[in-house]
Amino acid sequence: MEAIIQQFFNIEIMIKALPLVLKGLGVTLLICAVVIPLGALGGLFAAIASVSKNRAVRWTAIGFVDLFRAIPPLVLLIFIYAGLPFAGIQISPFVAVAVGFFLNNSAYFAEVFRAGILSVPKGQTEAARSTGMTQGQTLFWVTLPQAVRNVLPDLLSNVVEVVKLTSLASVVSLGEMLHAAGLVRSLTYNASPLVLAAGLYLVLLWPLIRLISRFERKIDT
Amino acid sequence: MASTYNEKGTPSSATLSVRALHKSFGVLPVLKGIDLHVQRSEMVFVLGPSGSGKSTMLRCCNLLEEPDSGAILIEGDKLTGPGVDLNKMRQRIGMVFQSFNLYPHLSALGNVTLALRRVLKMPREQAESEAIAALTKVGLSNRAGHFPSQLSGGQQQRVAIARALALKPTVMLFDEPTSALDPELVGDVLDVMRDVKEQGMTMLVVSHEMKFARDAADRVVFMDGGVIVEQGPPEQIFGAPTQERTRTFLSRFHG
Ligand SMILES: Nc1ncnc2c1ncn2[C@@H]1O[C@H](COP(=O)(O)OP(=O)(O)OP(=O)(O)O)[C@@H](O)[C@H]1O
Ligand SMILES: [Mg+2]
């Protein structure tokens with residue numbers, strides 16, 4: 001018991017690790033702040049394209065979504081970071097992470113938005129078009145507000161997944177939170193910094209998770 | 001030649017003209033040459049068995065379904081063809097659906113103002129006062145802030161009528177506007193339709209409200225198998241139908 005506390009819940013080491021881990025948390029939040037809005041936007045466009053009447057547009061979107069859902073994000077990340085320099089493109093770890101997660105994340109958001117769009121009954125579009133609204137106006141004012149509302153818990157779950165996914169950025173030595181915690185662990189031969197990081201993830205994500213289950217309960221009833 | 005299409009007035013003076021309309025779904029022919037002319041302020045009722053193509057014909061009238069051939073004209077203006085702005089044309093054709101199709105995320109007022117603001121580009125205040133005027137016509141100005149889920153079926157359908165009316169259309173299409181309603185709510189919707197007619201609206205109505213057809217319609221059209229079998233004033237169609245198919249259909253309603 002003593003040993004477990006010493007190895008995982010060593011307050012002294014946690015306090016020492018705190019500045020570095022908090023700095024990592026800042027990087028994690030920064031990645032999220034870039035990747036989540038961009039991914040959501042990219043996913044929205046891909047979803048709209050994937051229900052287009054134009055075949056070429058539709059299949060391009062579906063191809064994009066399938067491809068980036070199939071590639072493990074870790075592989076994608078390494079490919080972008082380590083592969084692109086061979087093509088003469090030098091990028092920083094942060095840009096590599098932003099691009100990789102944007103692609104992966106767009107694909108997942110696209111699937112959720114697409115399900116949302118398809119959940120809106122056809123009669124809604126017909127009613128809007130019958131009043132002279134254009135296809136674009138109908139999408140923006142009638143379909144999307146309902147689509148988003150119908151899949152809100154899934155959209156938020158996706159956000160939670162993305163936040164956790166950012167820990168992968170440590171493979172390209174981007175100093176996000178898990179990377180920072182791992183660093184301190186290797187210096188101290190003690191796992192407490194990891195527990196600290198896990199605790200911070202929990203603090204970060206718990207409100208979101210509560211929110212999601214509240215929405216889900218609301219939809220059930 | 002065109003004048004043989006209709007006994008009342010010439011087709012070119014009609015408010016809504018359907019000419020030689022054909023429509024198939026895949027290999028299934030649904031409309032096999034429909035000619036129908038609705039005059040200004042006329043209320044025309046369309047009857048017919050399930051699957052006879054009534055909804056399809058109505059939906060072709062505002063191009064929710066694309067006809068295979070034939071033409072639709074509003075006050076002589078073609079709905080299809082080069083250079084036609086379909087969205088502009090649709091402003092002149094109001095539609096009321098069996099399942100209301102109100103926007104669930106908007107209040108009654110929001111349902112009515114949406115097209116006023118986005119299509120007609122009215123400023124908010126003007127759109128809202130026009131919407132209140134339309135809701136007043138259907139007796140629901142006191143429900144403007146309610147969402148569809150807070151309204152009865154009959155009230156929802158009346159909001160849907162207000163949504164169409166607010167654009168001041170030339171003609172209104174109704175596809176079984178009362179068949180999704182509880183019987184006790186049907187009367188309110190029919191009363192509103194009668195008011196709309198009395199204001200001079202041109203109306204094409206698919207409905208099986210026989211009693212209402214008898215005392216409010218100017219003309220009744222009987223469709224079967226994708227063609228118009230017979231048409232005439234309600235007293236003639238209900239009292240002395242000339243076609244066997246019409247008689248068979250009507251006998252089911254008289255019991
Ligand atoms: N989108 C569609 N795709 C394929 N077939 C269709 C479609 N819409 C209608 N049909 C078919 O066309 C025929 C006519 O349908 P329509 O809805 O116009 O009939 P209706 O007279 O309105 O019938 P009801 O009284 O049941 O509403 C039916 O056989 C129907 O199955
Ligand atoms: Mg029908």
# chains A, B, ... in the order shown; residues from 1 in each chain; ligands from 1
$ residues_near_ligand --ligand "ligand 1" --cutoff "6 Å" --atoms "only C-alpha atoms and all ligand atoms" --output "CSV table (one decimal) with N, CA, C and O atoms, in the first residue's frame"
chain,number,residue,atom,x,y,z
B,25,PHE,N,-42.7,7.3,-61.9
B,25,PHE,CA,-41.7,7.0,-61.0
B,25,PHE,C,-41.1,5.7,-61.5
B,25,PHE,O,-41.7,4.7,-61.4
B,30,VAL,N,-47.5,7.5,-63.3
B,30,VAL,CA,-48.4,7.9,-62.2
B,30,VAL,C,-49.4,9.0,-62.7
B,30,VAL,O,-50.6,9.0,-62.4
B,49,PRO,N,-59.2,7.7,-55.6
B,49,PRO,CA,-58.7,6.7,-54.7
B,49,PRO,C,-57.2,6.8,-54.4
B,49,PRO,O,-56.5,7.5,-55.1
B,50,SER,N,-56.8,6.2,-53.3
B,50,SER,CA,-55.4,6.2,-52.9
B,50,SER,C,-54.5,5.7,-54.1
B,50,SER,O,-54.8,4.7,-54.7
B,51,GLY,N,-53.4,6.4,-54.4
B,51,GLY,CA,-52.5,6.0,-55.4
B,51,GLY,C,-52.9,6.5,-56.8
B,51,GLY,O,-52.3,6.2,-57.8
B,52,SER,N,-54.0,7.3,-56.9
B,52,SER,CA,-54.4,7.8,-58.2
B,52,SER,C,-53.6,8.9,-58.7
B,52,SER,O,-53.7,9.3,-59.9
B,53,GLY,N,-52.7,9.4,-57.9
B,53,GLY,CA,-51.8,10.5,-58.4
B,53,GLY,C,-52.1,11.9,-58.0
B,53,GLY,O,-51.5,12.8,-58.5
B,54,LYS,N,-53.0,12.0,-57.0
B,54,LYS,CA,-53.4,13.3,-56.6
B,54,LYS,C,-52.3,14.1,-56.0
B,54,LYS,O,-52.0,15.3,-56.4
B,55,SER,N,-51.6,13.5,-55.0
B,55,SER,CA,-50.4,14.3,-54.4
B,55,SER,C,-49.4,14.6,-55.5
B,55,SER,O,-48.8,15.7,-55.5
B,56,THR,N,-49.1,13.6,-56.3
B,56,THR,CA,-48.1,13.8,-57.3
B,56,THR,C,-48.4,15.0,-58.2
B,56,THR,O,-47.6,15.8,-58.5
$ interface_residues --of "chain A" --to "chain B" --cutoff "6 Å" --atoms "only C-alpha atoms" --output "number ranges by chain"
A: 123-124, 130-133
$ write_last_selection --atoms "all heavy atoms" --output "PDB file, in the first residue's frame"
ATOM      1  N   GLY A 123     -39.980  16.451 -45.374  1.00  0.00           N
ATOM      2  CA  GLY A 123     -41.048  17.455 -45.405  1.00  0.00           C
ATOM      3  C   GLY A 123     -40.572  18.847 -44.996  1.00  0.00           C
ATOM      4  O   GLY A 123     -41.128  19.853 -45.434  1.00  0.00           O
ATOM      5  N   GLN A 124     -39.531  18.896 -44.164  1.00  0.00           N
ATOM      6  CA  GLN A 124     -39.004  20.193 -43.731  1.00  0.00           C
ATOM      7  C   GLN A 124     -38.409  20.955 -44.908  1.00  0.00           C
ATOM      8  O   GLN A 124     -38.670  22.140 -45.088  1.00  0.00           O
ATOM      9  CB  GLN A 124     -37.933  19.969 -42.659  1.00  0.00           C
ATOM     10  CG  GLN A 124     -38.485  19.443 -41.356  1.00  0.00           C
ATOM     11  CD  GLN A 124     -39.314  20.505 -40.654  1.00  0.00           C
ATOM     12  OE1 GLN A 124     -38.869  21.623 -40.482  1.00  0.00           O
ATOM     13  NE2 GLN A 124     -40.533  20.163 -40.281  1.00  0.00           N
ATOM     14  N   SER A 130     -40.956  25.235 -50.787  1.00  0.00           N
ATOM     15  CA  SER A 130     -42.255  25.668 -51.341  1.00  0.00           C
ATOM     16  C   SER A 130     -42.537  27.134 -51.036  1.00  0.00           C
ATOM     17  O   SER A 130     -43.403  27.743 -51.652  1.00  0.00           O
ATOM     18  CB  SER A 130     -43.396  24.782 -50.814  1.00  0.00           C
ATOM     19  OG  SER A 130     -43.748  25.173 -49.492  1.00  0.00           O
ATOM     20  N   THR A 131     -41.798  27.723 -50.079  1.00  0.00           N
ATOM     21  CA  THR A 131     -41.984  29.152 -49.831  1.00  0.00           C
ATOM     22  C   THR A 131     -40.983  29.991 -50.635  1.00  0.00           C
ATOM     23  O   THR A 131     -40.889  31.193 -50.424  1.00  0.00           O
ATOM     24  CB  THR A 131     -41.814  29.498 -48.336  1.00  0.00           C
ATOM     25  OG1 THR A 131     -40.481  29.180 -47.929  1.00  0.00           O
ATOM     26  CG2 THR A 131     -42.813  28.772 -47.478  1.00  0.00           C
ATOM     27  N   GLY A 132     -40.224  29.341 -51.500  1.00  0.00           N
ATOM     28  CA  GLY A 132     -39.303  30.087 -52.351  1.00  0.00           C
ATOM     29  C   GLY A 132     -37.903  30.212 -51.787  1.00  0.00           C
ATOM     30  O   GLY A 132     -37.066  30.913 -52.350  1.00  0.00           O
ATOM     31  N   MET A 133     -37.635  29.535 -50.663  1.00  0.00           N
ATOM     32  CA  MET A 133     -36.277  29.586 -50.125  1.00  0.00           C
ATOM     33  C   MET A 133     -35.344  28.789 -51.032  1.00  0.00           C
ATOM     34  O   MET A 133     -35.735  27.750 -51.567  1.00  0.00           O
ATOM     35  CB  MET A 133     -36.239  29.036 -48.686  1.00  0.00           C
ATOM     36  CG  MET A 133     -36.844  30.021 -47.686  1.00  0.00           C
ATOM     37  SD  MET A 133     -37.107  29.321 -46.056  1.00  0.00           S
ATOM     38  CE  MET A 133     -35.448  29.170 -45.473  1.00  0.00           C
TER      39      MET A 133
END
$ atom_distance --atom1 "CA of Asn54 (chain A)" --atom2 "CA of Pro72 (chain A)"
29.4 Å
$ residues_around --residues "Leu16 (chain B)" --least-positions-apart "3" --cutoff "9 Å" --atoms "only C-alpha atoms" --output "CSV table (one decimal) with C-alpha atoms, in the first residue's frame"
chain,number,residue,atom,x,y,z
B,11,PRO,CA,-56.9,28.3,-70.4
B,13,SER,CA,-56.8,33.3,-68.5
B,36,LEU,CA,-56.6,21.2,-65.4
B,37,HIS,CA,-57.3,24.9,-65.3
B,38,VAL,CA,-58.1,26.7,-62.1
B,39,GLN,CA,-59.7,30.2,-62.6
B,40,ARG,CA,-59.1,33.2,-60.3
B,61,CYS,CA,-47.7,22.2,-59.5
B,72,ILE,CA,-47.5,24.3,-65.4
B,73,LEU,CA,-48.4,28.0,-65.7
B,74,ILE,CA,-49.2,30.6,-63.1
B,75,GLU,CA,-51.2,33.4,-64.6
B,76,GLY,CA,-49.7,32.4,-68.0
B,170,THR,CA,-51.5,33.8,-56.3
B,171,VAL,CA,-52.7,30.2,-55.7
B,202,THR,CA,-57.4,30.6,-55.8
B,204,LEU,CA,-56.5,23.6,-55.5
$ closest_residue --among "A:Leu118, A:Ala40, A:Leu77, A:Leu152" --to "Asn105 (chain A)" --atoms "only C-alpha atoms"
A:Ala40
$ residues_around --residues "Thr178 (chain B)" --least-positions-apart "3" --cutoff "8 Å" --atoms "only C-alpha atoms" --output "NGL selection string"
:B and (98 or 181 or 186 or 189-190 or 207)
$ write_last_selection --atoms "N, CA, C and O atoms" --output "PDB file, in the first residue's frame"
ATOM      1  N   GLN B  98     -50.189  17.646 -45.660  1.00  0.00           N
ATOM      2  CA  GLN B  98     -50.945  16.788 -44.755  1.00  0.00           C
ATOM      3  C   GLN B  98     -50.313  16.752 -43.364  1.00  0.00           C
ATOM      4  O   GLN B  98     -50.996  16.828 -42.353  1.00  0.00           O
ATOM      5  N   LEU B 181     -55.619  14.980 -38.788  1.00  0.00           N
ATOM      6  CA  LEU B 181     -56.177  15.622 -37.588  1.00  0.00           C
ATOM      7  C   LEU B 181     -57.230  14.764 -36.889  1.00  0.00           C
ATOM      8  O   LEU B 181     -57.945  13.991 -37.534  1.00  0.00           O
ATOM      9  N   VAL B 186     -60.907  19.116 -37.135  1.00  0.00           N
ATOM     10  CA  VAL B 186     -61.020  19.327 -38.583  1.00  0.00           C
ATOM     11  C   VAL B 186     -61.780  20.611 -38.896  1.00  0.00           C
ATOM     12  O   VAL B 186     -61.382  21.401 -39.755  1.00  0.00           O
ATOM     13  N   VAL B 189     -59.911  23.998 -39.125  1.00  0.00           N
ATOM     14  CA  VAL B 189     -59.075  24.155 -40.315  1.00  0.00           C
ATOM     15  C   VAL B 189     -59.942  24.440 -41.541  1.00  0.00           C
ATOM     16  O   VAL B 189     -59.637  25.319 -42.350  1.00  0.00           O
ATOM     17  N   LEU B 190     -61.064  23.721 -41.643  1.00  0.00           N
ATOM     18  CA  LEU B 190     -61.964  23.952 -42.786  1.00  0.00           C
ATOM     19  C   LEU B 190     -62.535  25.369 -42.736  1.00  0.00           C
ATOM     20  O   LEU B 190     -62.674  26.025 -43.770  1.00  0.00           O
ATOM     21  N   SER B 207     -58.620  16.537 -51.033  1.00  0.00           N
ATOM     22  CA  SER B 207     -59.210  16.251 -49.731  1.00  0.00           C
ATOM     23  C   SER B 207     -60.402  15.332 -49.898  1.00  0.00           C
ATOM     24  O   SER B 207     -61.023  15.285 -50.952  1.00  0.00           O
TER      25      SER B 207
END
$ residues_around --residues "Arg114 (chain A)" --least-positions-apart "5" --cutoff "8 Å" --atoms "only C-alpha atoms" --output "list in words"
Leu44, Ala47, Ile48, Ser50 and Val51 of chain A
$ select_by_dssp --residues "region 29-169 of chain B" --states "strand (DSSP E or B)" --output "number ranges by chain"
B: 29-38, 43-47, 69-74, 77-78, 93-96
$ write_last_selection --atoms "C-alpha atoms" --output "compact mmCIF listing (two decimals), in the first residue's frame"
# COMPACT_ATOMS: atom_id res chain seq x y z
CA PRO B 29 -46.60 5.88 -64.84
CA VAL B 30 -48.44 7.95 -62.22
CA LEU B 31 -49.78 10.89 -64.22
CA LYS B 32 -50.89 10.09 -67.76
CA GLY B 33 -51.74 13.45 -69.25
CA ILE B 34 -53.46 15.78 -66.82
CA ASP B 35 -55.11 18.98 -68.05
CA LEU B 36 -56.58 21.21 -65.43
CA HIS B 37 -57.26 24.93 -65.31
CA VAL B 38 -58.14 26.75 -62.14
CA MET B 43 -61.74 26.49 -55.30
CA VAL B 44 -61.21 23.20 -57.05
CA PHE B 45 -61.44 19.95 -55.11
CA VAL B 46 -59.60 16.84 -56.24
CA LEU B 47 -60.95 13.44 -55.23
CA SER B 69 -43.46 16.38 -69.75
CA GLY B 70 -46.19 18.96 -69.88
CA ALA B 71 -46.36 22.45 -68.49
CA ILE B 72 -47.46 24.29 -65.38
CA LEU B 73 -48.43 27.96 -65.72
CA ILE B 74 -49.20 30.56 -63.09
CA ASP B 77 -46.13 32.27 -66.74
CA LYS B 78 -44.40 28.95 -67.21
CA ILE B 93 -47.70 29.19 -55.00
CA GLY B 94 -48.51 28.49 -51.36
CA MET B 95 -48.54 24.87 -50.22
CA VAL B 96 -50.14 23.22 -47.22
